[in-house]
Amino acid sequence: WPRPPHASVMEPDACADETCPLNVRSVLLAMRDKEKDMHIDVDVPYIESFMGLTNSVFCFVPRGKSGWSSRYFQTFFAGCVPIILNDRYEPPFGELVHVPSSVIKWPMTEVESLVLYLRRLLREHPGEVEALRERGREMRCWYAWPPSWAEWDWIQLNRSKFNATCPEYHLRSAYVAVTRLLAPRVTSSRHRFYWVGAGAGSIADVP
């Protein structure tokens, strides 16, 4: 669905359709009947949307109404290259993985030049495009949460499609990424124990 810019950027009424470059979804939808090699539509069934992803080389991830995007994560499992059109969006886990090796992030106001760039990239540098897709396949499991042990036992998990897709989920998964990013915070406190009235020489005085 079309999404005008957030009110913190500009008045939504001043950017209501495709004539405003910051309304990137409307800009894309205006190309629906003009670009024959682009699958663009609105309010389509989920299965049609996912089939569109799996049959595409590049997948647009335009700015939505929230601070995150489920489409971004879907693209990795569909096998296409995500094209982020959200100037303020920072993909998760950039501290652990090299996001630019599998993702293209393009200025929202330059969609027309983006289409030309993608066509030229695919035509003149197909190896680079395939490298982006391959790196995306390697990186996708960082964005997957393994099933809860309360829902799946070890045998079920290892027989599941999840295990076939992400066999190293114990080393590369969203859970592992979050725990690795949080780990340095565990020892950031100066003292292990503290309470009101603790005097010098008590256990609370020991780092």
# chains A, B, ... in the order shown; residues from 1 in each chain; ligands from 1
>>> closest_atom_pairs(of="region 32-52 of chain A", to="region 114-136 of chain A", cutoff="10 Å", atoms="only C-alpha atoms", output="JSON lines")
{"residue": "A:Glu35", "atom": "CA", "partner": "A:Val115", "partner_atom": "CA", "distance": 9.5}
{"residue": "A:Asp37", "atom": "CA", "partner": "A:Arg119", "partner_atom": "CA", "distance": 10.0}
{"residue": "A:Met38", "atom": "CA", "partner": "A:Val115", "partner_atom": "CA", "distance": 9.5}
>>> write_last_selection(atoms="N, CA and C atoms", output="tab-separated table (two decimals), in the first residue's frame")
chain	number	residue	atom	x	y	z
A	35	GLU	N	6.40	-0.97	-16.97
A	35	GLU	CA	7.60	-1.80	-17.00
A	35	GLU	C	7.18	-3.27	-17.05
A	37	ASP	N	8.83	-6.00	-17.39
A	37	ASP	CA	9.65	-7.00	-16.71
A	37	ASP	C	9.64	-6.81	-15.19
A	38	MET	N	8.75	-5.99	-14.69
A	38	MET	CA	8.64	-5.76	-13.26
A	38	MET	C	7.26	-6.20	-12.77
>>> closest_atom_pairs(of="region 16-122 of chain A", to="region 164-176 of chain A", cutoff="10 Å", atoms="only C-alpha atoms", output="tab-separated table")
residue	atom	partner	partner_atom	distance
A:Phe77	CA	A:Thr165	CA	9.0
A:Pro92	CA	A:Ala174	CA	9.4
A:Phe93	CA	A:Ala174	CA	8.6
>>> select_by_dssp(residues="region 54-159 of chain A", states="helix (DSSP H, G or I)", output="JSON, numbers by chain")
{"A": [54, 70, 71, 72, 73, 74, 75, 76, 77, 78, 99, 100, 101, 108, 109, 110, 111, 112, 113, 114, 115, 116, 117, 118, 119, 120, 121, 122, 123, 124, 126, 127, 128, 129, 130, 131, 132, 133, 134, 135, 136, 137, 138, 139, 140, 141, 142, 143, 154, 155, 156, 157, 158, 159]}
>>> closest_residue(among="A:Pro12, A:Arg63, A:Gly197, A:Phe73", to="Trp145 (chain A)", atoms="only C-alpha atoms")
A:Phe73
>>> closest_residue(among="A:Pro45, A:Pro21, A:Gly64, A:Gly52", to="Arg3 (chain A)", atoms="only C-alpha atoms")
A:Gly64
>>> closest_atom_pairs(of="region 57-137 of chain A", to="region 28-34 of chain A", cutoff="12 Å", atoms="only C-alpha atoms", output="tab-separated table")
residue	atom	partner	partner_atom	distance
A:Cys59	CA	A:Leu28	CA	11.9
A:Phe60	CA	A:Leu28	CA	9.1
A:Val61	CA	A:Leu28	CA	10.8
A:Pro62	CA	A:Leu28	CA	8.9
A:Arg63	CA	A:Leu28	CA	11.4
A:Leu85	CA	A:Leu28	CA	10.4
A:Met108	CA	A:Leu28	CA	10.5
A:Thr109	CA	A:Leu28	CA	11.2
A:Glu110	CA	A:Leu28	CA	11.1
A:Val111	CA	A:Leu28	CA	7.8
A:Glu112	CA	A:Leu28	CA	9.2
A:Leu114	CA	A:Leu28	CA	11.1
A:Val115	CA	A:Leu28	CA	10.2
